[in-house]
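Below is final_1.cif, holding mmCIF, C-alpha atoms and all ligand atoms.
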```cif
data_structure
loop_
_atom_site.label_atom_id
_atom_site.label_comp_id
_atom_site.auth_asym_id
_atom_site.auth_seq_id
_atom_site.Cartn_x
_atom_site.Cartn_y
_atom_site.Cartn_z
CA MET N 1 20.70 20.72 -6.97
CA ARG N 2 20.67 18.51 -10.05
CA GLU N 3 17.82 18.33 -12.51
CA ARG N 4 15.02 16.08 -11.24
CA GLY N 5 15.62 13.56 -14.05
CA LEU N 6 19.19 13.00 -12.85
CA MET N 7 18.24 12.40 -9.22
CA ILE N 8 17.98 8.97 -7.60
CA ASP N 9 14.39 9.22 -6.41
CA LEU N 10 13.67 7.06 -3.35
CA ARG N 11 10.78 9.12 -1.98
CA SER N 12 8.07 6.64 -2.92
CA ASP N 13 7.32 3.73 -5.25
CA GLY N 14 4.55 5.93 -6.65
CA VAL N 15 7.23 7.71 -8.73
CA THR N 16 7.64 4.78 -11.17
CA ARG N 17 6.85 5.59 -14.79
CA PRO N 18 5.50 3.33 -17.53
CA THR N 19 8.24 1.32 -19.26
CA PRO N 20 8.46 1.33 -23.10
CA GLY N 21 6.56 -2.00 -23.23
CA MET N 22 3.84 -0.63 -20.97
CA ARG N 23 3.56 2.52 -23.07
CA ARG N 24 3.02 0.36 -26.17
CA ALA N 25 0.33 -1.63 -24.32
CA ILE N 26 -1.38 1.62 -23.27
CA ALA N 27 -1.30 2.99 -26.82
CA ALA N 28 -2.75 -0.22 -28.26
CA ALA N 29 -5.49 -0.64 -25.61
CA GLU N 30 -9.02 -1.27 -26.77
CA VAL N 31 -11.28 1.10 -24.86
CA GLY N 32 -14.96 1.87 -24.39
CA GLU N 33 -17.39 3.61 -22.03
CA ASP N 34 -16.68 1.93 -18.69
CA GLN N 35 -19.80 3.31 -17.01
CA PHE N 36 -21.82 1.31 -19.53
CA GLY N 37 -19.59 -1.72 -18.81
CA GLU N 38 -18.24 -1.45 -22.37
CA ASP N 39 -14.50 -1.11 -21.85
CA PRO N 40 -13.00 -4.45 -22.92
CA SER N 41 -9.61 -3.79 -21.32
CA VAL N 42 -11.03 -2.90 -17.93
CA ASN N 43 -13.45 -5.84 -18.09
CA HIS N 44 -10.51 -8.12 -18.80
CA LEU N 45 -8.45 -6.66 -15.93
CA GLN N 46 -11.40 -7.10 -13.57
CA ASP N 47 -11.69 -10.77 -14.63
CA VAL N 48 -7.94 -11.35 -14.25
CA THR N 49 -7.94 -9.76 -10.79
CA LYS N 50 -10.96 -11.65 -9.50
CA ASP N 51 -9.32 -14.91 -10.61
CA LEU N 52 -5.92 -13.97 -9.18
CA LEU N 53 -7.49 -13.12 -5.83
CA SER N 54 -10.10 -15.88 -6.05
CA LYS N 55 -13.02 -13.58 -5.31
CA GLU N 56 -16.45 -13.42 -6.97
CA ALA N 57 -15.96 -9.98 -8.52
CA ALA N 58 -13.46 -7.13 -8.92
CA LEU N 59 -13.74 -3.43 -9.74
CA TRP N 60 -11.20 -0.92 -11.06
CA VAL N 61 -10.90 2.30 -9.04
CA PRO N 62 -8.63 5.28 -9.72
CA THR N 63 -6.44 5.21 -6.57
CA GLY N 64 -5.48 3.12 -3.57
CA THR N 65 -6.88 5.85 -1.35
CA MET N 66 -10.27 5.62 -3.03
CA ALA N 67 -10.23 1.82 -2.62
CA TYR N 68 -9.57 2.27 1.11
CA GLN N 69 -12.28 4.96 1.45
CA MET N 70 -14.81 2.88 -0.49
CA ALA N 71 -14.12 -0.18 1.65
CA ILE N 72 -14.87 1.82 4.78
CA ARG N 73 -18.06 3.26 3.31
CA LEU N 74 -19.18 -0.22 2.23
CA MET N 75 -18.47 -1.98 5.51
CA THR N 76 -19.39 0.52 8.24
CA ARG N 77 -22.02 3.03 9.35
CA PRO N 78 -21.42 6.54 10.72
CA GLY N 79 -20.36 6.36 14.38
CA ASP N 80 -18.68 2.96 14.00
CA ASP N 81 -15.24 2.02 15.26
CA VAL N 82 -12.64 0.58 12.87
CA ILE N 83 -9.60 -1.31 14.16
CA VAL N 84 -6.33 -0.84 12.27
CA ALA N 85 -2.64 -1.41 12.90
CA ARG N 86 -0.87 1.57 14.44
CA GLU N 87 0.00 4.20 11.80
CA ALA N 88 -2.21 2.64 9.10
CA HIS N 89 -2.28 4.57 5.82
CA VAL N 90 -6.02 5.16 6.21
CA ALA N 91 -5.58 6.78 9.62
CA TRP N 92 -2.46 8.82 8.81
CA HIS N 93 -2.23 9.54 5.08
CA GLU N 94 -5.76 10.04 3.77
CA ALA N 95 -6.39 13.60 4.91
CA GLY N 96 -9.06 12.58 7.43
CA GLY N 97 -11.17 11.11 4.60
CA SER N 98 -12.69 8.31 6.67
CA SER N 99 -14.26 10.65 9.19
CA ALA N 100 -15.43 13.04 6.45
CA ASN N 101 -16.68 10.35 4.02
CA SER N 102 -17.98 7.69 6.39
CA GLY N 103 -18.08 9.21 9.88
CA VAL N 104 -16.02 6.47 11.55
CA GLN N 105 -13.38 6.55 14.27
CA PHE N 106 -10.20 4.46 14.42
CA THR N 107 -8.63 2.38 17.15
CA GLU N 108 -4.94 1.80 16.34
CA ILE N 109 -3.45 -1.34 17.87
CA GLY N 110 -0.28 -3.47 17.78
CA GLN N 111 3.25 -2.51 16.90
CA ASP N 112 5.38 -2.32 13.74
CA GLY N 113 2.38 -2.64 11.42
CA VAL N 114 1.07 -5.90 12.87
CA PHE N 115 -1.20 -7.02 15.71
CA THR N 116 -2.50 -10.27 17.13
CA ALA N 117 -5.99 -11.77 17.19
CA ARG N 118 -5.78 -11.50 20.97
CA ALA N 119 -5.08 -7.75 20.79
CA LEU N 120 -7.97 -7.42 18.34
CA MET N 121 -10.33 -9.23 20.71
CA SER N 122 -9.40 -6.99 23.62
CA SER N 123 -9.97 -3.87 21.50
CA VAL N 124 -13.28 -4.82 19.85
CA LYS N 125 -16.09 -2.70 21.29
CA PRO N 126 -19.44 -4.47 21.52
CA GLN N 127 -22.22 -3.83 19.01
CA GLY N 128 -25.66 -2.84 20.30
CA HIS N 129 -24.32 -1.28 23.53
CA LEU N 130 -25.62 2.04 24.79
CA VAL N 131 -22.17 3.52 25.37
CA TYR N 132 -19.62 1.99 23.02
CA PRO N 133 -19.00 2.93 19.37
CA PRO N 134 -19.54 -0.49 17.78
CA THR N 135 -16.49 -2.08 16.16
CA THR N 136 -17.72 -3.24 12.77
CA LEU N 137 -14.53 -3.48 10.68
CA VAL N 138 -10.93 -4.64 11.10
CA ILE N 139 -8.31 -3.74 8.50
CA VAL N 140 -5.02 -5.49 7.82
CA GLU N 141 -2.53 -3.44 5.77
CA ASN N 142 -0.16 -5.86 4.02
CA THR N 143 2.54 -4.73 3.54
CA HIS N 144 2.38 -1.90 6.06
CA ASN N 145 3.70 1.36 4.63
CA ARG N 146 4.69 3.49 7.65
CA ALA N 147 6.03 0.53 9.60
CA GLY N 148 8.55 -0.04 6.78
CA GLY N 149 6.96 -2.51 4.37
CA THR N 150 6.23 -5.14 7.03
CA VAL N 151 4.65 -8.40 5.89
CA PHE N 152 1.76 -9.47 8.15
CA PRO N 153 2.28 -13.10 9.32
CA GLN N 154 -0.41 -15.13 7.55
CA ASP N 155 -1.12 -17.50 10.48
CA GLU N 156 -2.05 -14.50 12.58
CA VAL N 157 -4.14 -13.11 9.71
CA SER N 158 -6.19 -16.35 9.72
CA ARG N 159 -6.72 -16.10 13.48
CA ILE N 160 -7.68 -12.40 13.18
CA CYS N 161 -10.26 -13.05 10.46
CA SER N 162 -11.79 -16.02 12.36
CA ALA N 163 -12.00 -13.97 15.56
CA ALA N 164 -13.54 -11.06 13.62
CA LYS N 165 -16.14 -13.33 12.05
CA GLU N 166 -17.16 -14.68 15.47
CA ARG N 167 -17.78 -11.11 16.65
CA ARG N 168 -19.55 -10.07 13.41
CA VAL N 169 -16.73 -7.67 12.55
CA ALA N 170 -16.11 -7.29 8.78
CA THR N 171 -12.60 -7.82 7.35
CA PHE N 172 -10.76 -5.74 4.75
CA LEU N 173 -7.27 -6.41 3.40
CA SER N 174 -5.62 -3.19 2.37
CA GLY N 175 -3.15 -4.56 -0.15
CA ALA N 176 -1.68 -1.60 -1.98
CA ARG N 177 1.54 -3.65 -1.82
CA LEU N 178 0.05 -7.14 -1.59
CA TRP N 179 2.28 -8.10 -4.55
CA HIS N 180 5.32 -7.25 -2.43
CA ALA N 181 3.96 -9.32 0.48
CA ALA N 182 3.44 -12.29 -1.87
CA VAL N 183 6.92 -12.08 -3.33
CA ALA N 184 8.52 -11.74 0.12
CA SER N 185 6.48 -14.48 1.83
CA GLY N 186 6.40 -16.98 -1.04
CA LEU N 187 2.58 -17.16 -0.66
CA SER N 188 0.28 -16.28 -3.56
CA VAL N 189 -1.87 -13.14 -3.49
CA ARG N 190 -4.81 -15.57 -3.53
CA ASP N 191 -3.64 -17.21 -0.27
CA LEU N 192 -2.99 -13.84 1.33
CA ALA N 193 -6.47 -12.59 0.31
CA ALA N 194 -8.40 -15.77 1.16
CA PRO N 195 -9.48 -14.98 4.75
CA PHE N 196 -10.91 -11.53 3.85
CA GLU N 197 -14.33 -10.40 2.64
CA LEU N 198 -12.91 -7.48 0.67
CA VAL N 199 -9.42 -6.85 -0.71
CA SER N 200 -7.65 -4.00 -2.49
CA VAL N 201 -4.48 -4.08 -4.59
CA SER N 202 -2.67 -1.19 -6.25
CA LEU N 203 -1.31 -1.14 -9.78
CA SER N 204 0.92 1.88 -9.42
CA LYS N 205 3.08 1.09 -6.36
CA GLY N 206 6.43 0.21 -7.86
CA LEU N 207 4.78 -1.44 -10.85
CA GLY N 208 5.03 1.38 -13.38
CA ALA N 209 1.32 1.90 -14.06
CA PRO N 210 0.24 5.57 -14.00
CA GLY N 211 -2.65 4.89 -11.62
CA GLY N 212 -5.36 2.48 -10.64
CA ALA N 213 -6.24 0.06 -7.89
CA MET N 214 -8.62 -2.88 -7.70
CA LEU N 215 -11.25 -3.85 -5.14
CA ALA N 216 -12.24 -7.52 -5.05
CA GLY N 217 -14.79 -9.38 -2.96
CA THR N 218 -18.27 -10.91 -3.03
CA ALA N 219 -20.48 -10.08 -6.01
CA ARG N 220 -22.86 -8.32 -3.60
CA LEU N 221 -20.19 -6.05 -2.14
CA ILE N 222 -18.74 -5.19 -5.56
CA ALA N 223 -22.21 -4.40 -6.95
CA ARG N 224 -22.64 -1.90 -4.10
CA ALA N 225 -19.09 -0.64 -4.72
CA VAL N 226 -20.05 0.46 -8.25
CA ARG N 227 -22.49 2.96 -6.75
CA VAL N 228 -20.06 4.14 -4.06
CA ARG N 229 -17.35 4.68 -6.70
CA ARG N 230 -19.75 6.94 -8.60
CA MET N 231 -20.73 8.70 -5.37
CA PHE N 232 -17.04 9.38 -4.59
CA GLY N 233 -16.44 10.76 -8.09
CA GLY N 234 -14.28 7.83 -9.21
CA ALA N 235 -16.42 6.49 -12.06
CA MET N 236 -14.49 7.28 -15.27
CA ARG N 237 -14.98 6.61 -18.97
CA GLN N 238 -12.25 5.13 -21.23
CA VAL N 239 -10.43 3.45 -18.36
CA GLY N 240 -8.90 0.86 -20.69
CA PHE N 241 -5.71 2.90 -21.04
CA PHE N 242 -5.12 2.48 -17.30
CA ALA N 243 -6.31 -1.13 -17.38
CA ALA N 244 -3.82 -1.99 -20.13
CA ALA N 245 -1.04 -0.56 -17.97
CA GLY N 246 -2.31 -2.56 -14.99
CA LEU N 247 -2.45 -5.80 -16.96
CA TYR N 248 1.07 -5.18 -18.25
CA ALA N 249 2.26 -4.45 -14.69
CA ILE N 250 0.81 -7.69 -13.32
CA GLU N 251 2.35 -9.72 -16.14
CA HIS N 252 5.79 -8.10 -16.31
CA HIS N 253 6.57 -6.16 -13.15
CA VAL N 254 5.49 -8.31 -10.21
CA ASP N 255 8.08 -11.10 -10.27
CA ARG N 256 10.89 -8.55 -10.51
CA LEU N 257 9.92 -7.06 -7.12
CA VAL N 258 12.54 -9.42 -5.62
CA GLU N 259 15.10 -7.00 -7.08
CA ASP N 260 13.53 -4.04 -5.24
CA HIS N 261 13.56 -6.05 -2.00
CA ALA N 262 17.24 -6.98 -2.48
CA ASN N 263 18.06 -3.32 -3.22
CA ALA N 264 16.29 -2.24 -0.03
CA ARG N 265 18.36 -4.72 2.00
CA LEU N 266 21.53 -3.50 0.30
CA ILE N 267 20.76 0.07 1.40
CA ALA N 268 19.74 -1.03 4.92
CA GLU N 269 22.97 -2.98 5.41
CA ARG N 270 25.01 0.10 4.50
CA LEU N 271 22.95 2.34 6.80
CA ALA N 272 23.40 -0.14 9.67
CA GLN N 273 27.16 0.53 9.59
CA SER N 274 26.66 4.14 10.64
CA PRO N 275 26.78 4.92 14.38
CA ARG N 276 24.30 7.75 13.75
CA ILE N 277 21.57 5.46 12.38
CA ARG N 278 19.33 3.03 14.25
CA ILE N 279 17.96 0.30 12.02
CA ASP N 280 17.13 -3.37 12.43
CA VAL N 281 18.03 -4.86 9.04
CA ALA N 282 15.78 -7.86 9.76
CA THR N 283 12.74 -5.55 9.60
CA VAL N 284 13.53 -4.68 5.97
CA GLN N 285 11.36 -7.38 4.43
CA THR N 286 10.25 -5.68 1.21
CA ASN N 287 10.95 -2.39 -0.59
CA ILE N 288 10.57 0.12 2.27
CA ILE N 289 13.28 1.06 4.75
CA ARG N 290 12.32 2.94 7.90
CA PHE N 291 15.14 4.05 10.16
CA ALA N 292 15.84 6.41 13.05
CA LEU N 293 18.52 9.05 13.55
CA THR N 294 20.47 9.10 16.83
CA ASP N 295 20.84 12.32 18.88
CA GLU N 296 24.26 12.98 17.28
CA ALA N 297 22.77 13.11 13.75
CA PRO N 298 21.41 16.28 12.10
CA ASP N 299 17.61 16.37 12.03
CA ALA N 300 15.68 14.79 9.18
CA SER N 301 15.03 18.01 7.25
CA ALA N 302 18.77 18.81 7.15
CA VAL N 303 19.53 15.23 6.03
CA VAL N 304 16.92 15.47 3.23
CA GLU N 305 18.46 18.74 2.04
CA ARG N 306 22.05 17.43 2.06
CA ALA N 307 21.09 14.18 0.34
CA ALA N 308 19.27 16.16 -2.38
CA GLU N 309 22.45 18.19 -2.97
CA GLY N 310 24.19 14.82 -3.48
CA GLY N 311 21.52 13.75 -6.00
CA VAL N 312 19.31 11.55 -3.77
CA LEU N 313 15.66 12.23 -2.87
CA PHE N 314 13.93 10.67 0.13
CA PHE N 315 11.70 11.69 3.07
CA GLY N 316 11.59 12.12 6.83
CA PHE N 317 8.40 11.05 8.63
CA ASP N 318 9.32 13.34 11.51
CA LYS N 319 12.44 14.96 13.02
CA ASP N 320 14.25 11.66 13.54
CA THR N 321 12.46 8.96 11.57
CA MET N 322 13.10 8.55 7.85
CA ARG N 323 11.83 6.41 4.98
CA ILE N 324 13.44 5.18 1.77
CA VAL N 325 11.54 3.25 -0.94
CA THR N 326 13.07 1.18 -3.76
CA HIS N 327 11.24 0.48 -7.02
CA LEU N 328 11.28 -0.29 -10.74
CA ASP N 329 13.07 2.93 -11.70
CA VAL N 330 16.22 2.45 -9.54
CA ASP N 331 18.78 -0.31 -10.03
CA ALA N 332 21.28 -1.88 -7.61
CA GLY N 333 24.10 0.48 -8.65
CA GLN N 334 21.96 3.55 -8.00
CA CYS N 335 20.85 2.13 -4.63
CA ALA N 336 24.47 1.49 -3.57
CA ARG N 337 25.35 5.07 -4.57
CA ALA N 338 22.31 6.46 -2.77
CA ALA N 339 23.26 4.63 0.45
CA GLU N 340 26.69 6.31 0.39
CA VAL N 341 25.16 9.74 -0.19
CA ILE N 342 22.61 9.25 2.62
CA VAL N 343 25.22 8.03 5.12
CA GLY N 344 27.45 10.96 4.06
CA ALA N 345 24.56 13.39 4.63
CA ILE N 346 23.99 12.00 8.12
CA GLU N 347 27.65 11.79 9.16
CA SER N 348 28.88 15.08 7.75
C1 LIG B 401 -0.77 1.06 2.20
C2 LIG B 401 -1.26 2.10 1.26
N1 LIG B 401 -2.56 2.15 0.96
C3 LIG B 401 -3.05 3.06 0.10
C4 LIG B 401 -2.21 3.96 -0.51
C5 LIG B 401 -2.80 5.00 -1.43
O1 LIG B 401 -2.62 4.76 -2.75
P1 LIG B 401 -2.81 5.95 -3.83
O2 LIG B 401 -1.55 6.77 -3.76
O3 LIG B 401 -2.99 5.22 -5.12
O4 LIG B 401 -3.99 6.72 -3.44
C6 LIG B 401 -0.86 3.94 -0.25
C7 LIG B 401 0.04 4.90 -0.91
O5 LIG B 401 1.23 4.93 -0.70
C8 LIG B 401 -0.36 3.00 0.68
O6 LIG B 401 0.93 2.96 1.01
#
```
Turn this file's structure into structure tokens for me.
Ligand SMILES: Cc1ncc(COP(=O)(O)O)c(C=O)c1O
Amino acid sequence: MRERGLMIDLRSDGVTRPTPGMRRAIAAAEVGEDQFGEDPSVNHLQDVTKDLLSKEAALWVPTGTMAYQMAIRLMTRPGDDVIVAREAHVAWHEAGGSSANSGVQFTEIGQDGVFTARALMSSVKPQGHLVYPPTTLVIVENTHNRAGGTVFPQDEVSRICSAAKERRVATFLSGARLWHAAVASGLSVRDLAAPFELVSVSLSKGLGAPGGAMLAGTARLIARAVRVRRMFGGAMRQVGFFAAAGLYAIEHHVDRLVEDHANARLIAERLAQSPRIRIDVATVQTNIIRFALTDEAPDASAVVERAAEGGVLFFGFDKDTMRIVTHLDVDAGQCARAAEVIVGAIES
């Protein structure tokens, strides 16, 4: 296998590294003790984010996972039921954190990362009933990771949030890739966030920043979030170095996400030509490609191994479902080459 630095790495958009401009911004960042509220860079990022998302307040947190876990702690009580789209990150990729940290259970609904207000209403369990675990929170993940970067239709989002409000169910927008949803839909992150009480966005998913996510919502919720962040071990000190990277990412690396989306389509169109691959190119809306192997193909672990020998890294979700992610650190030429290697690995 080649050296890691020479590989085309399509495992995740979390692999992006700070660009030279971002590194300069990090080095020049003004910093202070964030737990005393004295880090000017993080304070500025929090102001920028609250304005971008049109919420009363915003808070920096170390990871997207912590933002998700904090949202659940803030909006539920132990024993509650939380409704999410099938295969939501919080239910599949957070090591069981929600049951350990907040004692909730999940009901997964819908298909392909989305669900309707009607499906929500038939799944909501009543509050104050002797038997049912009360549904107190609904989460929309936009875009949806495991479904393949699906953008949630905003009309349905509005109906979901209105229905939730009627039933006194809180609403959280899990927007690790909300930037991608905005670029793909032509709507602003503010419009996408508007119907929700609490919103998260990530700064490290395909944007080059080395870490960091933001929670934004009412001043009351964010004031409580400061304590929960400390409780979860996420209160840090000179956070300005991360904040400077985040600010740089928002300014320089969001608009270019169209390139990542075009590169994902380019790969998907090549994969669609193989009789051993099942993929609906129309579902490739952003930077994630999810596809299935037919019975004639080798299984996913063999494909991963062969592709790595050809210089391309990516993952299988299971024996016959695979995921590819495009990002800042791979260009169109590398994506075209990767598609050939992947098809070769599946057809050989
Ligand atoms: C939808 C979604 N939410 C949250 C996360 C977690 O983010 P982090 O890796 O920063 O913890 C991810 C990571 O891929 C994700 O895809």
One decimal place gives the CA of Asp320 in chain N-atom O1 of ligand LIG 401 (chain B) separation as 24.4 Å
When you look at range 199-208 of chain N with a cut-off of 8 Å (counting all atoms listed in the file), what residues show up, excluding the ones that are within fewer than 6 positions of it in the same chain? I need them as a PyMOL selection string.
chain N and resi 13-19+22+63-64+67-68+172-179+193+214-217+245-246+249-250+253-254+326-328
Residues near range 72-88 of chain N, anyone? I mean within 7 Å using all atoms listed in the file, not counting same-chain ones fewer than 5 positions away, as a ChimeraX atom specification.
/N:102-111,113-115,133-141,146,170,225
Students should find that CA of Val157 in chain N and CA of Arg323 in chain N are spaced 25.7 Å
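Between CA of Leu313 in chain N and CA of Asp329 in chain N the separation is 13.1 Å.
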Just want the 7 Å neighbourhood of Glu33 in chain N, counted on all atoms listed in the file, with same-chain residues fewer than 4 positions away dropped. Output as an mmCIF file with C-alpha atoms, in the frame of the given file.
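Saved file result.cif follows:
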```cif
data_model
loop_
_atom_site.group_PDB
_atom_site.id
_atom_site.type_symbol
_atom_site.label_atom_id
_atom_site.label_comp_id
_atom_site.auth_asym_id
_atom_site.auth_seq_id
_atom_site.Cartn_x
_atom_site.Cartn_y
_atom_site.Cartn_z
ATOM 1 C CA GLY N 37 -19.590 -1.720 -18.810
ATOM 2 C CA GLU N 38 -18.240 -1.450 -22.370
ATOM 3 C CA ASP N 39 -14.500 -1.110 -21.850
ATOM 4 C CA ARG N 237 -14.980 6.610 -18.970
ATOM 5 C CA GLN N 238 -12.250 5.130 -21.230
#
```
Which residues, written as a ChimeraX atom specification, have at least one atom at most 10 Å from Ala117 in chain N, with only C-alpha atoms counted and residues fewer than 5 positions away on the same chain left out?
/N:122-123,156-164
N, CA and C atoms are needed for range 66-81 of chain N; please write them out as a CSV table (one decimal), in the frame of the given file.
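Generated file (result39.csv):
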```
chain,number,residue,atom,x,y,z
N,66,MET,N,-8.8,5.8,-2.8
N,66,MET,CA,-10.3,5.6,-3.0
N,66,MET,C,-10.7,4.2,-2.7
N,67,ALA,N,-9.9,3.2,-3.0
N,67,ALA,CA,-10.2,1.8,-2.6
N,67,ALA,C,-10.4,1.7,-1.1
N,68,TYR,N,-9.5,2.3,-0.4
N,68,TYR,CA,-9.6,2.3,1.1
N,68,TYR,C,-10.9,3.0,1.6
N,69,GLN,N,-11.1,4.2,1.0
N,69,GLN,CA,-12.3,5.0,1.4
N,69,GLN,C,-13.6,4.2,1.1
N,70,MET,N,-13.6,3.6,-0.1
N,70,MET,CA,-14.8,2.9,-0.5
N,70,MET,C,-15.1,1.7,0.4
N,71,ALA,N,-14.0,1.0,0.8
N,71,ALA,CA,-14.1,-0.2,1.6
N,71,ALA,C,-14.8,0.2,3.0
N,72,ILE,N,-14.3,1.4,3.5
N,72,ILE,CA,-14.9,1.8,4.8
N,72,ILE,C,-16.3,2.2,4.6
N,73,ARG,N,-16.7,2.9,3.5
N,73,ARG,CA,-18.1,3.3,3.3
N,73,ARG,C,-18.9,2.0,3.2
N,74,LEU,N,-18.4,1.0,2.5
N,74,LEU,CA,-19.2,-0.2,2.2
N,74,LEU,C,-19.4,-1.1,3.5
N,75,MET,N,-18.5,-1.0,4.4
N,75,MET,CA,-18.5,-2.0,5.5
N,75,MET,C,-18.8,-1.4,6.9
N,76,THR,N,-19.1,-0.1,6.9
N,76,THR,CA,-19.4,0.5,8.2
N,76,THR,C,-20.6,1.4,8.1
N,77,ARG,N,-21.0,2.0,9.3
N,77,ARG,CA,-22.0,3.0,9.4
N,77,ARG,C,-21.5,4.2,10.2
N,78,PRO,N,-21.9,5.4,10.0
N,78,PRO,CA,-21.4,6.5,10.7
N,78,PRO,C,-21.5,6.2,12.2
N,79,GLY,N,-20.4,6.6,12.9
N,79,GLY,CA,-20.4,6.4,14.4
N,79,GLY,C,-19.7,5.1,14.7
N,80,ASP,N,-19.3,4.2,13.7
N,80,ASP,CA,-18.7,3.0,14.0
N,80,ASP,C,-17.2,3.1,14.3
N,81,ASP,N,-16.7,2.1,14.9
N,81,ASP,CA,-15.2,2.0,15.3
N,81,ASP,C,-14.6,1.0,14.3
```
